[in-house]
>>> print(open('query.csv').read())   # CSV, C-alpha atoms
chain,number,residue,atom,x,y,z
A,22,ASP,CA,9.9,8.5,21.3
A,23,ILE,CA,7.5,10.4,19.1
A,24,GLN,CA,5.1,12.7,21.0
A,25,MET,CA,1.6,13.3,19.7
A,26,THR,CA,0.1,16.5,21.0
A,27,GLN,CA,-3.6,16.5,20.5
A,28,SER,CA,-5.9,19.5,20.9
A,29,PRO,CA,-8.2,20.6,22.2
A,30,SER,CA,-8.6,18.2,25.2
A,31,SER,CA,-12.3,18.9,25.1
A,32,VAL,CA,-14.8,20.7,22.9
A,33,SER,CA,-18.4,21.5,23.4
A,34,ALA,CA,-20.5,21.5,20.2
A,35,SER,CA,-24.1,21.1,19.0
A,36,VAL,CA,-25.7,18.8,16.5
A,37,GLY,CA,-25.0,20.1,13.0
A,38,ASP,CA,-21.7,21.9,14.0
A,39,ARG,CA,-18.4,21.4,12.2
A,40,VAL,CA,-15.7,20.2,14.6
A,41,THR,CA,-11.9,20.0,14.0
A,42,ILE,CA,-9.4,18.1,16.2
A,43,THR,CA,-5.7,18.4,15.7
A,44,CYS,CA,-2.7,16.2,16.4
A,45,ARG,CA,0.9,17.4,16.0
A,46,ALA,CA,3.7,14.9,15.9
A,47,SER,CA,7.0,15.8,17.5
A,48,GLN,CA,8.8,14.6,14.3
A,49,ASP,CA,8.1,13.4,10.8
A,50,ILE,CA,5.7,10.4,10.8
A,51,GLY,CA,4.9,10.4,7.1
A,52,SER,CA,1.2,9.5,6.8
A,53,TRP,CA,1.3,6.9,9.5
A,54,LEU,CA,-1.5,8.3,11.5
A,55,ALA,CA,-4.9,7.0,12.4
A,56,TRP,CA,-7.9,8.4,14.2
A,57,TYR,CA,-10.1,6.4,16.6
A,58,GLN,CA,-13.4,7.1,18.3
A,59,GLN,CA,-14.2,5.7,21.7
A,60,LYS,CA,-17.5,5.7,23.6
A,61,PRO,CA,-17.7,5.1,27.3
A,62,GLY,CA,-17.1,1.5,28.3
A,63,LYS,CA,-16.5,0.5,24.7
A,64,ALA,CA,-13.4,-0.4,22.6
A,65,PRO,CA,-11.9,2.2,20.2
A,66,LYS,CA,-13.2,2.2,16.7
A,67,LEU,CA,-11.0,3.0,13.7
A,68,LEU,CA,-12.3,6.0,11.7
A,69,ILE,CA,-9.4,7.2,9.5
A,70,TYR,CA,-6.1,5.6,8.6
A,71,ALA,CA,-3.1,6.7,6.5
A,72,ALA,CA,-4.0,10.2,7.7
A,73,SER,CA,-6.9,10.7,5.3
A,74,THR,CA,-8.4,7.3,4.2
A,75,LEU,CA,-11.9,6.7,5.5
A,76,GLN,CA,-12.3,3.2,7.1
A,77,ARG,CA,-15.0,1.2,5.4
A,78,GLY,CA,-18.4,1.8,7.0
A,79,VAL,CA,-17.5,5.1,8.5
A,80,PRO,CA,-19.8,8.0,7.6
A,81,SER,CA,-18.4,10.5,5.0
A,82,ARG,CA,-18.9,13.4,7.4
A,83,PHE,CA,-15.6,12.2,9.0
A,84,SER,CA,-12.5,13.3,7.1
A,85,GLY,CA,-8.8,13.5,7.8
A,86,SER,CA,-6.0,15.7,6.4
A,87,GLU,CA,-2.3,16.3,7.0
A,88,SER,CA,0.1,19.2,6.6
A,89,GLY,CA,3.7,18.3,7.5
A,90,THR,CA,3.5,17.0,11.1
A,91,ASP,CA,0.1,18.4,11.7
A,92,PHE,CA,-2.9,16.1,11.3
A,93,THR,CA,-6.6,17.1,11.4
A,94,LEU,CA,-9.8,15.2,12.0
A,95,THR,CA,-12.9,17.0,10.8
A,96,ILE,CA,-16.5,16.1,11.5
A,97,SER,CA,-18.5,18.2,9.0
A,98,SER,CA,-21.9,18.0,10.6
A,99,LEU,CA,-22.1,16.6,14.1
A,100,GLN,CA,-24.7,13.9,14.7
A,101,PRO,CA,-25.9,12.8,18.1
A,102,GLU,CA,-23.9,9.5,17.9
A,103,ASP,CA,-20.6,11.4,17.4
A,104,PHE,CA,-20.3,12.6,21.0
A,105,ALA,CA,-17.4,10.5,22.2
A,106,THR,CA,-13.7,10.8,22.8
A,107,TYR,CA,-11.3,10.8,19.8
A,108,TYR,CA,-7.7,9.7,19.7
A,109,CYS,CA,-4.9,9.9,17.2
A,110,LEU,CA,-2.3,7.2,16.9
A,111,GLN,CA,1.1,7.2,15.2
A,112,THR,CA,2.5,3.9,13.8
A,113,ASN,CA,5.5,5.3,12.1
A,114,SER,CA,7.9,4.0,14.7
A,115,PHE,CA,8.1,2.2,18.0
A,116,PRO,CA,6.9,2.9,20.6
A,117,TYR,CA,3.5,3.6,19.0
A,118,THR,CA,2.0,6.6,20.7
A,119,PHE,CA,-1.5,8.0,21.1
A,120,GLY,CA,-2.6,11.5,21.5
A,121,GLN,CA,-4.0,12.5,24.9
A,122,GLY,CA,-7.6,12.4,23.5
A,123,THR,CA,-10.3,14.9,22.8
A,124,LYS,CA,-13.6,14.6,24.5
A,125,LEU,CA,-16.5,15.9,22.3
A,126,GLU,CA,-19.4,17.0,24.5
A,127,THR,CA,-22.8,18.4,23.8
A,128,LYS,CA,-23.2,22.1,24.3
B,13,GLU,CA,-16.4,-10.4,10.9
B,14,VAL,CA,-13.4,-10.3,13.1
B,15,HIS,CA,-14.0,-11.2,16.7
B,16,LEU,CA,-11.5,-10.8,19.5
B,17,LEU,CA,-12.3,-12.0,23.0
B,18,GLU,CA,-10.0,-11.2,25.9
B,19,SER,CA,-9.9,-13.1,29.2
B,20,GLY,CA,-7.7,-13.6,32.2
B,21,GLY,CA,-8.1,-10.3,33.9
B,22,GLY,CA,-8.7,-9.9,37.6
B,23,LEU,CA,-7.5,-8.6,40.9
B,24,VAL,CA,-3.8,-9.3,41.7
B,25,GLN,CA,-1.5,-8.1,44.5
B,26,PRO,CA,1.5,-5.8,43.7
B,27,GLY,CA,4.4,-7.9,42.6
B,28,GLY,CA,2.1,-10.7,41.3
B,29,SER,CA,1.6,-12.2,37.9
B,30,LEU,CA,-1.3,-12.6,35.5
B,31,ARG,CA,-1.7,-14.0,32.1
B,32,LEU,CA,-4.1,-12.5,29.6
B,33,SER,CA,-5.5,-14.3,26.6
B,34,CYS,CA,-7.2,-13.2,23.4
B,35,ALA,CA,-9.1,-15.6,21.2
B,36,ALA,CA,-9.4,-14.5,17.6
B,37,SER,CA,-11.8,-15.5,14.9
B,38,GLY,CA,-13.3,-14.3,11.7
B,39,PHE,CA,-10.1,-13.2,10.0
B,40,THR,CA,-10.2,-12.9,6.2
B,41,PHE,CA,-6.8,-14.5,6.0
B,42,SER,CA,-5.0,-16.7,8.4
B,43,PHE,CA,-4.4,-15.5,12.0
B,44,SER,CA,-0.6,-15.7,11.3
B,45,SER,CA,-1.0,-13.1,8.5
B,46,TYR,CA,-1.5,-10.3,11.0
B,47,ALA,CA,0.5,-8.7,13.8
B,48,MET,CA,-1.4,-8.5,17.1
B,49,SER,CA,-1.1,-6.0,19.9
B,50,TRP,CA,-2.1,-5.1,23.4
B,51,VAL,CA,-3.3,-1.6,24.3
B,52,ARG,CA,-4.4,-0.6,27.8
B,53,GLN,CA,-6.4,2.2,29.3
B,54,ALA,CA,-6.0,3.2,33.0
B,55,PRO,CA,-9.2,4.4,34.8
B,56,GLY,CA,-10.3,7.7,33.4
B,57,GLN,CA,-7.2,8.0,31.2
B,58,GLY,CA,-6.2,7.7,27.6
B,59,LEU,CA,-5.0,4.8,25.5
B,60,GLU,CA,-1.5,3.4,25.9
B,61,TRP,CA,0.1,1.0,23.5
B,62,VAL,CA,1.7,-1.9,25.4
B,63,SER,CA,3.2,-4.4,23.0
B,64,ILE,CA,3.0,-5.9,19.5
B,65,ILE,CA,4.0,-9.3,18.0
B,66,SER,CA,4.4,-10.0,14.3
B,67,GLY,CA,2.2,-12.5,12.6
B,68,SER,CA,5.1,-14.9,12.2
B,69,ASP,CA,6.0,-14.6,15.9
B,70,VAL,CA,9.5,-13.5,15.0
B,71,THR,CA,9.4,-9.8,16.1
B,72,LYS,CA,8.1,-8.2,19.3
B,73,HIS,CA,8.2,-4.7,20.7
B,74,TYR,CA,7.2,-3.3,24.1
B,75,ALA,CA,6.5,0.0,25.7
B,76,ALA,CA,9.2,1.1,28.1
B,77,SER,CA,6.8,1.0,30.9
B,78,VAL,CA,6.4,-2.8,30.6
B,79,GLU,CA,9.7,-3.9,29.1
B,80,GLY,CA,11.3,-6.7,31.1
B,81,ARG,CA,8.0,-7.4,33.0
B,82,PHE,CA,5.6,-8.3,30.3
B,83,ILE,CA,5.9,-11.0,27.6
B,84,ILE,CA,3.7,-11.1,24.5
B,85,SER,CA,3.3,-14.4,22.7
B,86,ARG,CA,0.9,-16.1,20.3
B,87,ASP,CA,-0.2,-19.6,19.2
B,88,ASN,CA,-1.1,-19.4,15.6
B,89,SER,CA,-2.3,-23.0,15.6
B,90,LYS,CA,-5.0,-22.0,18.1
B,91,ASN,CA,-5.6,-18.3,16.9
B,92,MET,CA,-4.6,-17.1,20.4
B,93,LEU,CA,-2.7,-14.1,21.7
B,94,TYR,CA,-1.3,-13.9,25.2
B,95,LEU,CA,0.2,-11.3,27.5
B,96,GLN,CA,2.2,-12.7,30.5
B,97,MET,CA,2.4,-9.9,33.1
B,98,SER,CA,4.8,-10.2,36.1
B,99,SER,CA,6.1,-7.9,38.8
B,100,LEU,CA,2.8,-6.0,38.5
B,101,ARG,CA,2.4,-2.5,39.9
B,102,ALA,CA,-0.5,-0.4,40.8
B,103,GLU,CA,0.1,1.7,37.7
B,104,ASP,CA,-0.6,-1.4,35.6
B,105,THR,CA,-4.2,-1.2,36.6
B,106,ALA,CA,-6.2,-0.8,33.4
B,107,VAL,CA,-8.5,-2.3,30.9
B,108,TYR,CA,-6.4,-4.3,28.5
B,109,TYR,CA,-7.5,-4.5,24.9
B,110,CYS,CA,-6.4,-7.0,22.3
B,111,ALA,CA,-6.1,-5.4,18.9
B,112,LYS,CA,-5.6,-6.7,15.4
B,113,PHE,CA,-3.1,-5.0,13.2
B,114,SER,CA,-3.8,-4.5,9.5
B,115,SER,CA,-0.6,-6.1,8.3
B,116,ASP,CA,1.9,-8.8,9.3
B,117,TYR,CA,4.2,-6.4,11.2
B,118,SER,CA,4.8,-2.7,10.7
B,119,SER,CA,3.2,-0.3,8.4
B,120,GLY,CA,-0.4,-0.6,9.4
B,121,TRP,CA,-3.2,0.2,11.8
B,122,PHE,CA,-5.3,-1.4,14.6
B,123,ASN,CA,-8.5,-2.1,12.7
B,124,SER,CA,-10.2,-4.5,15.1
B,125,TRP,CA,-10.4,-4.5,18.9
B,126,GLY,CA,-11.7,-6.8,21.6
B,127,GLN,CA,-14.0,-5.5,24.4
B,128,GLY,CA,-11.2,-5.5,26.9
B,129,THR,CA,-10.4,-7.3,30.2
B,130,GLN,CA,-9.9,-5.4,33.5
B,131,VAL,CA,-6.7,-5.9,35.4
B,132,THR,CA,-6.6,-4.4,38.9
B,133,VAL,CA,-3.3,-4.4,40.9
B,134,SER,CA,-4.0,-3.7,44.6
B,135,SER,CA,-3.3,-5.2,48.0
>>> encode(input="query.csv", output="structure tokens")
Amino acid sequence: DIQMTQSPSSVSASVGDRVTITCRASQDIGSWLAWYQQKPGKAPKLLIYAASTLQRGVPSRFSGSESGTDFTLTISSLQPEDFATYYCLQTNSFPYTFGQGTKLETK
Amino acid sequence: EVHLLESGGGLVQPGGSLRLSCAASGFTFSFSSYAMSWVRQAPGQGLEWVSIISGSDVTKHYAASVEGRFIISRDNSKNMLYLQMSSLRAEDTAVYYCAKFSSDYSSGWFNSWGQGTQVTVSS
């Protein structure tokens, strides 16, 4: 199985800050990586797919990048509505696997 | 707009069975054009992929944790997705989400999600 190691597990930040979250795949997954945002009691929401493609309707302050088996989600300028938990997901091969999640909290 | 509505969750004893349903609507193309999946989330935990079924109902995959106990199925004539769960264990306690895949089978993403249904396995 492909392991997705996501870091950090939590991060404290303020409105306007730039935040970066990373996922490392245990083996090559190509660009088969997506990022999701989840708020308490709600379903996940797709932000980025194919490692760097912004889902329609998602603000441009969100961006994704890749370097080998390392994938990064960047929020360029945090907004109040961005405080949530973020997950990466690989769909290169079965079983599909999520990262452990990163909780973004207000400082 | 895609709408996915799960139902069938509840409280069940260890070793028991439960059948989850997911009613789908608002797809751009026919329901059968898209693979569908179940993803679960245990209390206070992260997301765990459970199972996926191709749009044509030909191919299915399961997580090792549910293989042999859960069966995914779909009725394309009714735009419905199902998850038959048996031999339930306490560790199956979770919110179960129905999720739409972006393509018929592999090579895609979960781009729409239902609101989830709670399954609690306890005596």
>>> residues_around(input="query.csv", residues="Gln58 of chain A", least_positions_apart="3", cutoff="8 Å", atoms="only C-alpha atoms", output="PyMOL selection string")
chain A and resi 65-68+105-108
>>> residues_around(input="query.csv", residues="segment 116-133 of chain B", least_positions_apart="4", cutoff="8 Å", atoms="only C-alpha atoms", output="ChimeraX atom specification")
/A:53,55,63-67,70,112-113 /B:14-26,44-47,65-68,71,100-112
>>> atom_distance(input="query.csv", atom1="atom CA of Lys90 of chain B", atom2="atom CA of Phe43 of chain B")
8.9 Å
>>> atom_distance(input="query.csv", atom1="atom CA of Ser81 of chain A", atom2="atom CA of Ile42 of chain A")
16.3 Å
>>> closest_residue(input="query.csv", among="B:Ser99, B:Ser114, B:Ser135, B:Ser29", to="chain A", atoms="all atoms listed in the file")
B:Ser114
>>> atom_distance(input="query.csv", atom1="atom CA of Leu75 of chain A", atom2="atom CA of Glu13 of chain B")
18.5 Å
>>> build_atoms(input="query.csv", residues="segment 115-126 of chain B", atoms="N, CA, C and O atoms", output="PDB file, in the frame of the given file")
ATOM      1  N   SER B 115      -1.631  -5.459   9.073  1.00  0.00           N
ATOM      2  CA  SER B 115      -0.600  -6.100   8.300  1.00  0.00           C
ATOM      3  C   SER B 115       0.168  -7.090   9.169  1.00  0.00           C
ATOM      4  O   SER B 115      -0.083  -7.189  10.372  1.00  0.00           O
ATOM      5  N   ASP B 116       1.162  -7.762   8.564  1.00  0.00           N
ATOM      6  CA  ASP B 116       1.900  -8.800   9.300  1.00  0.00           C
ATOM      7  C   ASP B 116       2.792  -8.181  10.389  1.00  0.00           C
ATOM      8  O   ASP B 116       2.995  -8.795  11.437  1.00  0.00           O
ATOM      9  N   TYR B 117       3.289  -6.978  10.183  1.00  0.00           N
ATOM     10  CA  TYR B 117       4.200  -6.400  11.200  1.00  0.00           C
ATOM     11  C   TYR B 117       4.080  -4.927  11.287  1.00  0.00           C
ATOM     12  O   TYR B 117       3.193  -4.440  11.981  1.00  0.00           O
ATOM     13  N   SER B 118       4.893  -4.174  10.631  1.00  0.00           N
ATOM     14  CA  SER B 118       4.800  -2.700  10.700  1.00  0.00           C
ATOM     15  C   SER B 118       3.991  -2.202   9.548  1.00  0.00           C
ATOM     16  O   SER B 118       3.495  -2.964   8.747  1.00  0.00           O
ATOM     17  N   SER B 119       3.873  -0.908   9.466  1.00  0.00           N
ATOM     18  CA  SER B 119       3.200  -0.300   8.400  1.00  0.00           C
ATOM     19  C   SER B 119       1.697  -0.639   8.339  1.00  0.00           C
ATOM     20  O   SER B 119       1.193  -1.273   7.407  1.00  0.00           O
ATOM     21  N   GLY B 120       0.995  -0.250   9.396  1.00  0.00           N
ATOM     22  CA  GLY B 120      -0.400  -0.600   9.400  1.00  0.00           C
ATOM     23  C   GLY B 120      -1.151   0.111  10.563  1.00  0.00           C
ATOM     24  O   GLY B 120      -0.650   1.086  11.139  1.00  0.00           O
ATOM     25  N   TRP B 121      -2.317  -0.436  10.873  1.00  0.00           N
ATOM     26  CA  TRP B 121      -3.200   0.200  11.800  1.00  0.00           C
ATOM     27  C   TRP B 121      -3.919  -0.892  12.648  1.00  0.00           C
ATOM     28  O   TRP B 121      -4.022  -2.025  12.216  1.00  0.00           O
ATOM     29  N   PHE B 122      -4.441  -0.508  13.818  1.00  0.00           N
ATOM     30  CA  PHE B 122      -5.300  -1.400  14.600  1.00  0.00           C
ATOM     31  C   PHE B 122      -6.699  -1.273  14.058  1.00  0.00           C
ATOM     32  O   PHE B 122      -7.344  -0.234  14.273  1.00  0.00           O
ATOM     33  N   ASN B 123      -7.174  -2.280  13.360  1.00  0.00           N
ATOM     34  CA  ASN B 123      -8.500  -2.100  12.700  1.00  0.00           C
ATOM     35  C   ASN B 123      -9.569  -2.995  13.343  1.00  0.00           C
ATOM     36  O   ASN B 123     -10.724  -2.951  12.916  1.00  0.00           O
ATOM     37  N   SER B 124      -9.229  -3.781  14.354  1.00  0.00           N
ATOM     38  CA  SER B 124     -10.200  -4.500  15.100  1.00  0.00           C
ATOM     39  C   SER B 124      -9.777  -4.599  16.555  1.00  0.00           C
ATOM     40  O   SER B 124      -8.578  -4.788  16.800  1.00  0.00           O
ATOM     41  N   TRP B 125     -10.736  -4.491  17.467  1.00  0.00           N
ATOM     42  CA  TRP B 125     -10.400  -4.500  18.900  1.00  0.00           C
ATOM     43  C   TRP B 125     -11.365  -5.438  19.636  1.00  0.00           C
ATOM     44  O   TRP B 125     -12.521  -5.603  19.253  1.00  0.00           O
ATOM     45  N   GLY B 126     -10.840  -6.028  20.708  1.00  0.00           N
ATOM     46  CA  GLY B 126     -11.700  -6.800  21.600  1.00  0.00           C
ATOM     47  C   GLY B 126     -12.412  -5.788  22.540  1.00  0.00           C
ATOM     48  O   GLY B 126     -12.199  -4.583  22.462  1.00  0.00           O
TER      49      GLY B 126
END
